[in-house]
$ cat entry27.txt   # compact mmCIF, C-alpha atoms
# COMPACT_ATOMS: atom_id res chain seq x y z
CA GLN A 26 51.48 20.48 -5.04
CA ARG A 27 47.79 21.37 -5.31
CA GLN A 28 47.18 18.36 -7.54
CA MET A 29 48.85 16.11 -5.01
CA CYS A 30 46.59 17.46 -2.25
CA ILE A 31 43.50 16.77 -4.34
CA ARG A 32 44.65 13.22 -4.98
CA ASP A 33 45.27 12.65 -1.29
CA ARG A 34 41.76 13.71 -0.28
CA PRO A 35 39.61 10.81 0.94
CA GLY A 36 36.60 9.95 -1.21
CA PRO A 37 33.90 7.30 -1.39
CA ASP A 38 34.71 3.88 -2.82
CA LYS A 39 33.15 2.96 -6.15
CA ALA A 40 31.09 -0.19 -6.29
CA GLU A 41 30.98 -2.52 -9.28
CA TYR A 42 28.31 -2.21 -11.94
CA ALA A 43 25.17 -4.29 -11.48
CA ASP A 44 25.53 -7.15 -13.92
CA ILE A 45 23.85 -10.51 -13.47
CA ARG A 46 26.61 -12.09 -15.56
CA GLN A 47 29.05 -11.14 -12.79
CA LEU A 48 26.99 -12.81 -10.05
CA SER A 49 29.07 -15.50 -8.39
CA LEU A 50 27.49 -18.34 -6.45
CA ASP A 51 30.83 -19.91 -5.56
CA PRO A 52 30.88 -21.33 -2.02
CA ARG A 53 31.65 -18.55 0.45
CA VAL A 54 30.23 -16.66 3.44
CA ILE A 55 28.92 -13.09 3.23
CA GLU A 56 27.38 -10.68 5.72
CA THR A 57 24.25 -8.58 5.21
CA ARG A 58 22.37 -5.96 7.18
CA PHE A 59 18.97 -7.11 5.91
CA GLY A 60 18.90 -10.89 6.18
CA GLY A 61 15.24 -10.77 7.11
CA VAL A 62 14.32 -9.55 3.64
CA PHE A 63 14.67 -13.15 2.42
CA LEU A 64 11.50 -13.87 4.42
CA LEU A 65 9.62 -11.44 2.18
CA MET A 66 11.33 -12.80 -0.91
CA ARG A 67 9.79 -16.17 -0.11
CA ILE A 68 6.33 -14.56 -0.16
CA LEU A 69 7.08 -12.94 -3.52
CA ALA A 70 8.45 -16.21 -4.92
CA ASP A 71 5.27 -18.03 -3.86
CA MET A 72 3.23 -15.37 -5.67
CA LYS A 73 5.53 -15.74 -8.73
CA ILE A 74 5.73 -11.98 -8.95
CA HIS A 75 8.77 -12.16 -11.25
CA GLN A 76 6.55 -13.46 -14.03
CA ILE A 77 4.40 -10.31 -14.12
CA PRO A 78 6.92 -7.69 -15.38
CA ARG A 79 8.37 -10.30 -17.75
CA SER A 80 4.94 -11.07 -19.23
CA LEU A 81 4.43 -7.34 -19.77
CA ASN A 82 7.85 -7.00 -21.39
CA TRP A 83 8.98 -4.25 -19.03
CA TYR A 84 12.38 -2.62 -19.34
CA GLY A 85 15.41 -4.86 -18.84
CA SER A 86 18.81 -5.67 -20.32
CA LYS A 87 21.44 -8.38 -20.48
CA MET A 88 23.12 -6.85 -17.43
CA ILE A 89 19.91 -6.40 -15.43
CA PRO A 90 17.05 -8.60 -16.70
CA ILE A 91 13.43 -7.53 -16.39
CA GLU A 92 12.56 -9.31 -13.14
CA ASN A 93 15.79 -8.25 -11.42
CA ALA A 94 15.25 -4.62 -12.42
CA PHE A 95 11.74 -4.64 -10.93
CA LEU A 96 12.79 -6.43 -7.74
CA SER A 97 15.66 -3.96 -7.23
CA SER A 98 13.19 -1.08 -7.16
CA LEU A 99 10.81 -3.05 -4.93
CA MET A 100 13.67 -3.83 -2.54
CA LEU A 101 13.93 -0.15 -1.57
CA LYS A 102 10.29 -0.23 -0.52
CA LEU A 103 10.61 -3.47 1.44
CA ILE A 104 13.43 -2.12 3.59
CA GLY A 105 11.88 1.32 4.04
CA ARG A 106 14.40 3.42 2.11
CA GLU A 107 13.12 6.98 1.95
CA ARG A 108 14.47 7.92 -1.49
CA LYS A 109 15.87 6.05 -4.45
CA SER A 110 19.18 7.86 -3.90
CA HIS A 111 19.54 6.00 -0.61
CA VAL A 112 20.29 2.84 -2.54
CA MET A 113 23.88 4.09 -2.55
CA ASP A 114 24.05 3.10 1.13
CA LEU A 115 23.55 -0.53 0.09
CA VAL A 116 25.80 -0.94 -2.93
CA PHE A 117 28.39 -2.87 -0.91
CA ASP A 118 25.81 -5.14 0.75
CA GLU A 119 26.17 -8.39 -1.21
CA GLY A 120 23.30 -9.98 0.69
CA ALA A 121 20.78 -7.32 -0.36
CA ALA A 122 21.87 -7.74 -3.99
CA LEU A 123 21.75 -11.53 -3.69
CA ALA A 124 18.10 -11.33 -2.58
CA VAL A 125 17.17 -9.82 -5.96
CA GLY A 126 19.53 -12.06 -7.93
CA LEU A 127 22.29 -9.56 -8.75
CA ASN A 128 25.93 -9.09 -7.90
CA VAL A 129 25.35 -5.44 -6.86
CA LEU A 130 22.19 -3.37 -6.47
CA PRO A 131 21.65 -0.89 -9.34
CA LYS A 132 22.67 2.70 -8.63
CA THR A 133 20.49 5.79 -8.36
CA ALA A 134 20.77 6.76 -12.04
CA TYR A 135 19.55 3.35 -13.20
CA ILE A 136 16.53 3.28 -10.88
CA SER A 137 15.58 6.79 -11.98
CA GLU A 138 15.83 5.83 -15.65
CA TYR A 139 13.91 2.61 -15.00
CA SER A 140 10.97 4.44 -13.44
CA GLU A 141 10.71 6.79 -16.42
CA ARG A 142 10.23 3.86 -18.79
CA ILE A 143 7.14 2.53 -16.98
CA THR A 144 3.92 4.19 -18.12
CA HIS A 145 0.60 4.52 -16.32
CA GLN A 146 -0.85 1.86 -18.63
CA ASP A 147 2.02 -0.46 -17.67
CA ASN A 148 1.19 0.08 -14.01
CA MET A 149 -2.49 -0.73 -14.50
CA GLN A 150 -1.65 -3.92 -16.41
CA PHE A 151 0.70 -4.97 -13.62
CA LEU A 152 -1.94 -4.17 -11.00
CA HIS A 153 -4.52 -6.33 -12.80
CA LYS A 154 -2.17 -9.32 -12.84
CA TRP A 155 -1.01 -8.76 -9.24
CA ILE A 156 -4.54 -8.55 -7.82
CA LYS A 157 -5.55 -11.59 -9.85
CA ARG A 158 -2.80 -13.57 -8.09
CA LEU A 159 -3.92 -12.29 -4.68
CA ARG A 160 -7.50 -13.31 -5.44
CA LYS A 161 -6.40 -16.73 -6.69
CA ALA A 162 -4.50 -17.25 -3.43
CA SER A 163 -7.65 -16.19 -1.50
CA VAL A 164 -5.75 -13.30 0.06
CA ILE A 165 -8.39 -10.77 -1.01
CA SER A 166 -12.06 -11.53 -0.38
CA GLY A 167 -13.66 -8.64 -2.29
CA GLU A 168 -16.72 -8.55 -0.01
CA SER A 169 -16.36 -4.89 0.94
CA PHE A 170 -13.97 -2.04 0.14
CA ASN A 171 -12.81 1.15 1.85
CA LEU A 172 -12.12 4.04 -0.53
CA ASP A 173 -10.16 7.21 0.09
CA PHE A 174 -7.99 9.94 -1.41
CA GLN A 175 -4.57 10.99 -0.16
CA SER A 176 -2.66 14.14 -1.09
CA LEU A 177 1.05 13.39 -1.24
CA PRO A 178 3.07 16.61 -0.80
CA TYR A 179 5.64 17.58 -3.40
CA PHE A 180 8.50 19.97 -2.64
CA GLY A 181 9.98 20.54 -6.08
CA GLU A 182 9.75 23.51 -8.40
CA GLU A 183 7.66 22.05 -11.21
CA ASP A 184 4.65 24.16 -12.23
CA VAL A 185 2.72 21.17 -13.58
CA VAL A 186 2.02 19.92 -10.05
CA GLU A 187 -1.36 21.14 -8.83
CA LYS A 188 -2.18 22.32 -5.32
CA HIS A 189 -4.31 20.14 -3.07
CA TYR A 190 -5.24 20.21 0.59
CA VAL A 191 -2.70 18.12 2.52
CA SER A 192 -4.30 16.96 5.78
CA MET A 193 -1.00 16.06 7.45
CA ARG A 194 0.05 19.71 7.09
CA SER A 195 -3.40 21.32 7.33
CA ARG A 196 -2.84 23.51 4.29
CA ARG A 197 -3.01 23.61 0.51
CA GLN A 198 0.28 23.03 -1.28
CA LYS A 199 1.75 21.31 -4.31
CA ALA A 200 0.74 17.68 -4.08
CA ILE A 201 -0.18 14.58 -6.05
CA LEU A 202 -3.71 13.31 -5.47
CA VAL A 203 -3.86 9.51 -5.16
CA PHE A 204 -6.94 7.30 -4.99
CA PHE A 205 -6.75 4.12 -2.88
CA ALA A 206 -9.09 1.14 -2.52
CA GLN A 207 -8.62 -1.33 0.32
CA ASP A 208 -10.10 -4.78 0.81
CA VAL A 209 -11.59 -4.48 4.29
CA LYS A 210 -11.07 -8.10 5.34
CA SER A 211 -7.40 -8.44 4.42
CA LYS A 212 -6.56 -4.70 4.83
CA ILE A 213 -4.63 -4.94 1.56
CA PHE A 214 -4.64 -2.13 -0.99
CA CYS A 215 -6.12 -3.56 -4.18
CA TYR A 216 -6.26 -0.46 -6.38
CA SER A 217 -4.57 2.91 -6.73
CA ASN A 218 -4.35 5.73 -9.23
CA ALA A 219 -1.84 8.55 -8.94
CA ASP A 220 -2.53 9.87 -12.45
CA LEU A 221 -5.34 12.21 -11.40
CA ARG A 222 -5.97 15.87 -12.17
CA LYS A 223 -8.36 18.34 -10.61
CA GLY A 224 -11.93 17.74 -11.68
CA GLU A 225 -11.44 13.99 -12.07
CA GLU A 226 -11.70 13.04 -8.39
CA SER A 227 -15.44 12.41 -8.11
CA ASP A 228 -15.51 9.98 -11.08
CA GLU A 229 -12.54 7.89 -9.95
CA ILE A 230 -14.92 5.63 -8.02
CA PHE A 231 -16.36 4.45 -11.35
CA ARG A 232 -12.87 3.61 -12.63
CA PHE A 233 -12.40 1.39 -9.58
CA ILE A 234 -15.80 -0.23 -10.17
CA GLU A 235 -14.79 -0.99 -13.75
CA PHE A 236 -11.40 -2.27 -12.58
CA TRP A 237 -13.00 -4.70 -10.15
CA LYS A 238 -15.57 -5.79 -12.71
CA GLN A 239 -12.72 -6.75 -15.05
CA GLN A 240 -11.03 -8.56 -12.18
CA SER A 241 -13.89 -10.61 -10.82
CA GLY A 242 -16.56 -10.48 -13.52
CA LYS A 243 -18.91 -8.56 -11.24
CA LYS A 244 -19.16 -5.15 -9.64
CA PRO A 245 -17.88 -4.58 -6.08
CA PRO A 246 -20.81 -5.42 -3.78
CA HIS A 247 -20.10 -2.95 -0.97
CA LEU A 248 -18.29 0.41 -0.82
CA VAL A 249 -17.57 2.64 2.16
CA PHE A 250 -16.09 6.12 1.75
CA ASP A 251 -15.96 9.68 3.06
CA SER A 252 -18.41 12.40 2.07
CA LYS A 253 -15.90 14.25 -0.13
CA LEU A 254 -14.94 11.26 -2.25
CA THR A 255 -17.75 11.73 -4.79
CA THR A 256 -20.95 13.65 -5.46
CA TYR A 257 -24.58 12.96 -4.59
CA LYS A 258 -25.28 12.67 -8.31
CA ASN A 259 -22.74 9.85 -8.52
CA LEU A 260 -24.31 8.19 -5.48
CA CYS A 261 -27.48 7.94 -7.53
CA LYS A 262 -25.55 6.22 -10.34
CA ILE A 263 -23.96 3.80 -7.88
CA ASN A 264 -27.39 2.98 -6.46
CA LYS A 265 -28.68 2.17 -9.95
CA MET A 266 -25.73 -0.22 -10.35
CA ASN A 267 -27.11 -2.16 -7.33
CA ILE A 268 -23.94 -1.47 -5.34
CA THR A 269 -24.42 -0.96 -1.63
CA PHE A 270 -22.65 2.13 -0.29
CA VAL A 271 -22.17 3.73 3.10
CA THR A 272 -20.93 7.30 3.36
CA LEU A 273 -21.44 10.53 5.28
CA ARG A 274 -23.66 13.48 4.51
CA ARG A 275 -22.05 16.89 4.55
CA ARG A 276 -23.01 19.06 7.52
CA THR A 277 -24.61 21.94 5.66
CA PRO A 278 -26.42 24.72 7.59
CA ASN A 279 -29.81 23.24 6.65
CA VAL A 280 -28.81 19.78 7.85
CA LEU A 281 -27.51 21.15 11.15
CA LYS A 282 -30.70 23.15 11.52
CA GLU A 283 -32.70 19.93 11.07
CA PHE A 284 -30.53 18.26 13.70
CA ALA A 285 -31.07 21.08 16.19
CA SER A 286 -34.85 20.88 15.79
CA ILE A 287 -35.08 17.23 16.86
CA PRO A 288 -36.63 16.89 20.35
CA PRO A 289 -34.90 14.71 22.98
CA SER A 290 -37.74 12.20 22.77
CA GLY A 291 -36.93 11.54 19.14
CA TRP A 292 -33.57 9.92 19.88
CA ARG A 293 -33.04 6.20 20.41
CA LYS A 294 -30.11 4.77 22.33
CA ILE A 295 -28.30 1.79 20.80
CA GLU A 296 -25.27 -0.31 21.76
CA LEU A 297 -22.30 -0.88 19.48
CA LYS A 298 -21.08 -4.47 19.63
CA ASN A 299 -17.68 -5.95 18.86
CA VAL A 300 -15.97 -2.56 18.89
CA GLU A 301 -13.20 -1.31 21.13
CA ARG A 302 -14.01 2.31 21.81
CA LYS A 303 -15.01 4.53 24.70
CA TYR A 304 -18.39 5.62 23.35
CA ARG A 305 -20.42 2.47 22.80
CA THR A 306 -23.97 3.71 23.44
CA PRO A 307 -24.70 6.50 20.97
CA LYS A 308 -28.15 7.89 20.24
CA VAL A 309 -29.57 7.70 16.73
CA ILE A 310 -32.42 8.83 14.53
CA ASP A 311 -33.01 6.54 11.57
CA ARG A 312 -35.25 7.91 8.83
CA GLU A 313 -35.73 8.17 5.08
CA THR A 314 -34.93 11.50 3.44
CA GLU A 315 -34.33 13.11 0.09
CA ILE A 316 -31.17 14.88 -1.01
CA LYS A 317 -30.36 17.01 -4.03
CA ASP A 318 -29.30 15.18 -7.21
CA TYR A 319 -30.26 11.79 -5.74
CA ALA A 320 -33.33 10.16 -7.28
CA GLY A 321 -35.70 8.73 -4.70
CA SER A 322 -35.27 8.48 -0.96
CA ILE A 323 -32.12 7.54 0.90
CA ARG A 324 -31.59 6.22 4.41
CA GLN A 325 -30.16 8.83 6.78
CA ILE A 326 -28.92 8.14 10.32
CA PHE A 327 -28.18 10.97 12.72
CA VAL A 328 -25.69 9.79 15.35
CA LYS A 329 -24.66 11.69 18.49
CA ASP A 330 -22.77 10.87 21.68
CA LEU A 331 -19.85 9.41 19.75
CA GLY A 332 -17.38 11.76 21.37
CA HIS A 333 -17.80 14.54 18.80
CA GLU A 334 -19.44 17.90 19.28
CA LEU A 335 -21.17 17.77 15.91
CA PRO A 336 -23.33 14.81 14.86
CA THR A 337 -22.23 12.06 12.47
CA ILE A 338 -24.68 11.79 9.58
CA ILE A 339 -24.57 8.47 7.75
CA ILE A 340 -26.37 8.06 4.44
CA THR A 341 -26.73 4.71 2.70
CA ASN A 342 -28.86 2.76 0.26
CA ASP A 343 -28.71 -0.21 2.64
CA LYS A 344 -32.25 -0.43 4.03
CA LYS A 345 -31.84 -3.70 5.97
CA THR A 346 -28.69 -3.51 8.11
CA SER A 347 -29.17 -2.31 11.69
CA CYS A 348 -27.94 1.09 12.84
CA SER A 349 -25.41 -0.54 15.15
CA ASP A 350 -23.86 -2.59 12.36
CA LEU A 351 -23.78 0.35 9.96
CA ILE A 352 -22.03 2.61 12.46
CA SER A 353 -19.55 -0.15 13.32
CA ARG A 354 -18.87 -0.80 9.62
CA TYR A 355 -18.29 2.86 8.85
CA ALA A 356 -15.88 3.03 11.78
CA LEU A 357 -13.81 0.38 9.97
CA ARG A 358 -13.27 2.94 7.21
CA MET A 359 -10.63 4.36 9.52
CA LEU A 360 -8.59 1.30 8.56
CA ILE A 361 -7.75 2.79 5.18
CA GLU A 362 -6.72 6.09 6.76
CA ASN A 363 -4.47 4.22 9.20
CA SER A 364 -3.07 2.05 6.40
CA ILE A 365 -2.34 5.06 4.22
CA ALA A 366 -0.68 6.75 7.19
CA ASN A 367 1.48 3.64 7.70
CA ALA A 368 2.36 3.61 4.00
CA VAL A 369 3.32 7.27 4.14
CA ALA A 370 5.43 6.65 7.24
CA PHE A 371 7.21 3.40 6.37
CA PHE A 372 7.13 3.18 2.58
CA HIS A 373 7.83 6.92 2.34
CA THR A 374 5.13 7.57 -0.20
CA THR A 375 5.61 11.29 0.44
CA ALA A 376 9.21 11.12 -0.83
CA LEU A 377 8.07 11.57 -4.39
CA SER A 378 10.63 10.66 -7.00
CA SER A 379 9.52 13.29 -9.51
CA SER A 380 6.84 15.77 -10.43
CA VAL A 381 5.97 13.56 -13.40
CA ALA A 382 2.85 11.63 -12.45
CA ILE A 383 3.92 8.50 -14.33
CA ARG A 384 6.95 7.99 -12.09
CA ILE A 385 4.95 8.67 -8.97
CA ASP A 386 2.38 6.14 -10.19
CA LEU A 387 5.12 3.49 -10.21
CA ASP A 388 6.20 4.57 -6.72
CA VAL A 389 2.63 4.06 -5.48
CA LEU A 390 2.40 0.69 -7.27
CA LEU A 391 5.54 -0.48 -5.48
CA THR A 392 3.97 0.69 -2.22
CA LEU A 393 0.89 -1.45 -2.92
CA VAL A 394 3.00 -4.53 -3.60
CA GLY A 395 5.16 -3.89 -0.53
CA GLN A 396 2.15 -3.34 1.73
CA ALA A 397 0.47 -6.54 0.51
CA THR A 398 3.70 -8.52 0.99
CA TYR A 399 4.07 -7.34 4.57
CA GLN A 400 0.39 -8.01 5.27
CA MET A 401 0.66 -11.58 3.97
CA PHE A 402 3.81 -12.18 5.98
CA ALA A 403 2.23 -10.77 9.16
CA GLN A 404 -0.57 -13.37 8.95
CA HIS A 405 2.04 -16.04 9.78
CA LEU A 406 3.30 -14.20 12.88
CA ARG A 407 1.32 -15.08 15.97
CA GLY A 408 0.31 -11.89 17.76
CA TYR A 409 1.43 -9.61 14.91
CA GLU A 410 -1.40 -10.27 12.46
CA ASN A 411 -2.74 -6.72 12.72
CA CYS A 412 0.59 -4.91 12.89
CA GLY A 413 1.72 -2.54 10.17
CA ALA A 414 4.84 -2.80 8.04
CA ARG A 415 6.88 -0.55 10.32
CA VAL A 416 6.49 -2.89 13.32
CA VAL A 417 7.01 -6.07 11.28
CA PHE A 418 10.13 -4.61 9.69
CA ARG A 419 11.63 -3.60 13.03
CA LYS A 420 10.87 -6.91 14.74
CA PHE A 421 11.65 -9.41 11.97
CA ILE A 422 13.00 -7.99 8.70
CA ASP A 423 15.63 -5.58 10.01
CA THR A 424 17.85 -8.46 11.08
CA PRO A 425 21.52 -8.91 10.12
CA ALA A 426 22.48 -12.34 8.85
CA ARG A 427 25.36 -14.45 7.71
CA ILE A 428 24.78 -16.05 4.32
CA PHE A 429 26.45 -19.36 3.53
CA ILE A 430 26.54 -20.01 -0.22
CA GLY A 431 26.99 -23.73 -0.68
CA PRO A 432 27.11 -26.01 -3.72
CA LYS A 433 23.49 -27.14 -3.29
CA GLU A 434 21.72 -24.42 -1.32
CA ILE A 435 22.05 -20.96 0.22
CA GLU A 436 21.62 -20.76 3.97
CA VAL A 437 20.55 -17.41 5.43
CA ARG A 438 21.39 -17.61 9.13
CA LEU A 439 19.58 -14.81 10.97
CA ASN A 440 21.05 -13.27 14.11
CA LYS A 441 19.52 -13.89 17.51
CA ARG A 442 16.44 -11.76 18.20
CA ALA A 443 13.88 -11.77 20.99
CA ASN A 444 11.10 -12.63 18.54
CA ASN A 445 12.87 -15.63 16.96
CA PRO A 446 10.50 -18.12 18.69
CA ILE A 447 7.57 -16.45 16.86
CA LEU A 448 9.50 -16.65 13.61
CA LEU A 449 10.26 -20.30 14.27
CA HIS A 450 6.56 -20.96 14.77
CA SER A 451 5.68 -19.19 11.50
CA GLY A 452 6.87 -22.02 9.28
CA PHE A 453 9.36 -19.83 7.40
CA VAL A 454 12.40 -21.24 9.19
CA ASN A 455 14.21 -24.46 8.22
CA SER A 456 11.92 -25.06 5.24
CA PRO A 457 13.72 -24.72 1.87
CA PHE A 458 12.28 -22.72 -1.01
CA ARG A 459 13.51 -21.63 -4.42
CA LEU A 460 14.16 -18.14 -5.75
CA PRO A 461 13.51 -18.21 -9.52
CA TRP A 462 15.38 -14.93 -10.07
CA LEU A 463 18.46 -16.35 -8.27
CA GLN A 464 19.15 -19.09 -10.82
CA ASN A 465 16.33 -21.06 -9.13
CA LYS A 466 18.69 -21.69 -6.24
CA THR A 467 17.37 -23.37 -3.08
CA VAL A 468 17.34 -21.06 -0.04
CA ARG A 469 16.96 -22.09 3.57
CA ILE A 470 16.44 -19.59 6.41
CA THR A 471 17.83 -20.65 9.78
CA LEU A 472 18.35 -19.07 13.19
CA ARG A 473 21.57 -18.75 15.15
$ encode --input "entry27.txt" --output "structure tokens"
Amino acid sequence: QRQMCIRDRPGPDKAEYADIRQLSLDPRVIETRFGGVFLLMRILADMKIHQIPRSLNWYGSKMIPIENAFLSSLMLKLIGRERKSHVMDLVFDEGAALAVGLNVLPKTAYISEYSERITHQDNMQFLHKWIKRLRKASVISGESFNLDFQSLPYFGEEDVVEKHYVSMRSRRQKAILVFFAQDVKSKIFCYSNADLRKGEESDEIFRFIEFWKQQSGKKPPHLVFDSKLTTYKNLCKINKMNITFVTLRRRTPNVLKEFASIPPSGWRKIELKNVERKYRTPKVIDRETEIKDYAGSIRQIFVKDLGHELPTIIITNDKKTSCSDLISRYALRMLIENSIANAVAFFHTTALSSSVAIRIDLDVLLTLVGQATYQMFAQHLRGYENCGARVVFRKFIDTPARIFIGPKEIEVRLNKRANNPILLHSGFVNSPFRLPWLQNKTVRITLR
């Protein structure tokens, strides 16, 4: 009787195994919750992203080939799934699986195993090839970069995870320290490293410089970063490399004492142009100074009346740019903080898959690819060019669709949405494209 009761209990249905050999493209109609993701797949197809993991011989099998395995993991980022375990919510969505060229999306266990097989070196090789494609497509200019660190909190029990200050929680706790570099013009992340330990933070800027030198054949011309990113001694090294930098000086007691001793007549009022902020007429003192561990003099700009009680102290080796332009450029450094905040919010970078840094490194790499894909797509949406992934997803990607699989092409017919006229104007609708990882099938996105 007890056995009969157990058998009668309701339980979840079991989906089929992911196996590309079981993918059927027979004419039929299917429904999907995320029809808009085919818009992003077109971007990825144009960038030929499927060729990168295959060229690096990443993990794959006869059931789930290399490119399909990678795209399945990337899919979770593109639709804002918080954890890899949440893929189980999508295992019966044929449309989501069709977008990555499979019959069913791989389950949690497979994605977890897949991430363990990708090393930090694999990630860096992928990143080199990915950024090279973005540069070739003129997506990244490389004229100036914002640099920053982010502590991603970890809530597991592993002792190997070090403690860092987590700004979003205003406390020190177990966290993974990640370095980000952002191209200021495109707002796209072009470098990251989540394989950092304490004591290595200040030298990470040189690893980025070397990375960009391998990418473009020359060192990055202009870097902007916070005062805690590196040391004054390293600033001296950067200056000798003929790299222009803009950063802040730490407000030590001696520096604040110097600020307090400046008479009112010593300040000069300037006007900030092309900025949208309340305080546009700060007062400045622009002078040369010397700091410890920095050979020679450095330009120092005291800035007050920016809405802060304490002064902003900019230091730079740029001797020609005006104070107004320097202050405005440093203000753009907030872009990377906002972009990281968006990545944390939408791509769920804080939902770390493991305490093992290698797996987290892959998670961050997928975030970089997802963020760049959304940024490229947003440039085609009139009025949404500066919107983050969360807004673009809600307005355009999170759209149910009916998929018509025909003998010659696959039609993805998106549901009616208020923003469909903008999508129609983007050039992504009614223009066929091919998905190489879907048997090179022609896909056409239409609107109801």
$ closest_residue --input "entry27.txt" --among "A:Phe95, A:Ile422, A:Phe174, A:His405" --to "Gly452 (chain A)" --atoms "all atoms listed in the file"
A:His405
$ closest_residue --input "entry27.txt" --among "A:Ile447, A:Val309, A:Ile339, A:Ile104" --to "Glu410 (chain A)" --atoms "all atoms listed in the file"
A:Ile447
$ residues_near_point --input "entry27.txt" --point "(-21.9, 9.3, -11.1)" --cutoff "12 Å" --atoms "only C-alpha atoms" --output "VMD selection string"
chain A and resid 225 to 232 234 254 to 266 318 to 319
$ residues_around --input "entry27.txt" --residues "region 140-142 of chain A" --least-positions-apart "3" --cutoff "8 Å" --atoms "all atoms listed in the file" --output "ChimeraX atom specification"
/A:84,136-137,383-384,387
$ closest_residue --input "entry27.txt" --among "A:Lys303, A:Arg473, A:His450, A:Lys294" --to "Arg427 (chain A)" --atoms "only C-alpha atoms"
A:Arg473
$ closest_residue --input "entry27.txt" --among "A:Ala426, A:Leu439, A:Cys215, A:Ile55" --to "Met149 (chain A)" --atoms "all atoms listed in the file"
A:Cys215
$ residues_around --input "entry27.txt" --residues "Leu391 (chain A)" --least-positions-apart "5" --cutoff "8 Å" --atoms "all atoms listed in the file" --output "short mmCIF file (atom, residue, chain, number, x, y, z; two decimals) with C-alpha atoms, keeping the file's coordinate frame"
data_model
loop_
_atom_site.label_atom_id
_atom_site.label_comp_id
_atom_site.auth_asym_id
_atom_site.auth_seq_id
_atom_site.Cartn_x
_atom_site.Cartn_y
_atom_site.Cartn_z
CA SER A 98 13.19 -1.08 -7.16
CA LEU A 99 10.81 -3.05 -4.93
CA LYS A 102 10.29 -0.23 -0.52
#
$ closest_residue --input "entry27.txt" --among "A:Glu362, A:Asp251, A:Asp423, A:Glu315" --to "Asn342 (chain A)" --atoms "only C-alpha atoms"
A:Glu315
$ atom_distance --input "entry27.txt" --atom1 "CA of Gly242 (chain A)" --atom2 "CA of Gln207 (chain A)"
18.4 Å
$ atom_distance --input "entry27.txt" --atom1 "CA of Arg276 (chain A)" --atom2 "CA of Lys298 (chain A)"
26.5 Å
$ closest_residue --input "entry27.txt" --among "A:Val125, A:Leu65, A:Ile310, A:Ile435" --to "Asp51 (chain A)" --atoms "all atoms listed in the file"
A:Ile435
$ residues_around --input "entry27.txt" --residues "Met359 (chain A)" --least-positions-apart "2" --cutoff "12 Å" --atoms "all atoms listed in the file" --output "ChimeraX atom specification"
/A:170-173,207,209,212,249-251,352-357,361-366
$ axis_aligned_box --input "entry27.txt" --around "region 253-256 of chain A" --padding-each-side "3 Å" --output "JSON"
{"center_x": -17.9, "center_y": 12.8, "center_z": -2.8, "size_x": 12.0, "size_y": 9.0, "size_z": 11.3}
$ atom_distance --input "entry27.txt" --atom1 "CA of Val328 (chain A)" --atom2 "CA of Ile268 (chain A)"
23.6 Å
$ residues_around --input "entry27.txt" --residues "Tyr399 (chain A)" --least-positions-apart "3" --cutoff "10 Å" --atoms "all atoms listed in the file" --output "list in words"
Leu64, Leu65, Ile68, Leu103, Ile213, Val394, Gly395, Gln396, Phe402, Ala403, Gln404, Cys412, Gly413, Ala414, Arg415, Val417, Phe418 and Ile422 of chain A
$ residues_near_point --input "entry27.txt" --point "(-0.2, -1.8, -17.3)" --cutoff "12 Å" --atoms "all atoms listed in the file" --output "PDB file with C-alpha atoms, in the coordinates of the input"
ATOM      1  CA  ILE A  77       4.400 -10.310 -14.120  1.00  0.00           C
ATOM      2  CA  PRO A  78       6.920  -7.690 -15.380  1.00  0.00           C
ATOM      3  CA  SER A  80       4.940 -11.070 -19.230  1.00  0.00           C
ATOM      4  CA  LEU A  81       4.430  -7.340 -19.770  1.00  0.00           C
ATOM      5  CA  ASN A  82       7.850  -7.000 -21.390  1.00  0.00           C
ATOM      6  CA  TRP A  83       8.980  -4.250 -19.030  1.00  0.00           C
ATOM      7  CA  ARG A 142      10.230   3.860 -18.790  1.00  0.00           C
ATOM      8  CA  ILE A 143       7.140   2.530 -16.980  1.00  0.00           C
ATOM      9  CA  THR A 144       3.920   4.190 -18.120  1.00  0.00           C
ATOM     10  CA  HIS A 145       0.600   4.520 -16.320  1.00  0.00           C
ATOM     11  CA  GLN A 146      -0.850   1.860 -18.630  1.00  0.00           C
ATOM     12  CA  ASP A 147       2.020  -0.460 -17.670  1.00  0.00           C
ATOM     13  CA  ASN A 148       1.190   0.080 -14.010  1.00  0.00           C
ATOM     14  CA  MET A 149      -2.490  -0.730 -14.500  1.00  0.00           C
ATOM     15  CA  GLN A 150      -1.650  -3.920 -16.410  1.00  0.00           C
ATOM     16  CA  PHE A 151       0.700  -4.970 -13.620  1.00  0.00           C
ATOM     17  CA  LEU A 152      -1.940  -4.170 -11.000  1.00  0.00           C
ATOM     18  CA  HIS A 153      -4.520  -6.330 -12.800  1.00  0.00           C
ATOM     19  CA  LYS A 154      -2.170  -9.320 -12.840  1.00  0.00           C
ATOM     20  CA  TRP A 155      -1.010  -8.760  -9.240  1.00  0.00           C
ATOM     21  CA  ASN A 218      -4.350   5.730  -9.230  1.00  0.00           C
ATOM     22  CA  ILE A 383       3.920   8.500 -14.330  1.00  0.00           C
ATOM     23  CA  ASP A 386       2.380   6.140 -10.190  1.00  0.00           C
ATOM     24  CA  LEU A 387       5.120   3.490 -10.210  1.00  0.00           C
ATOM     25  CA  LEU A 390       2.400   0.690  -7.270  1.00  0.00           C
TER      26      LEU A 390
END
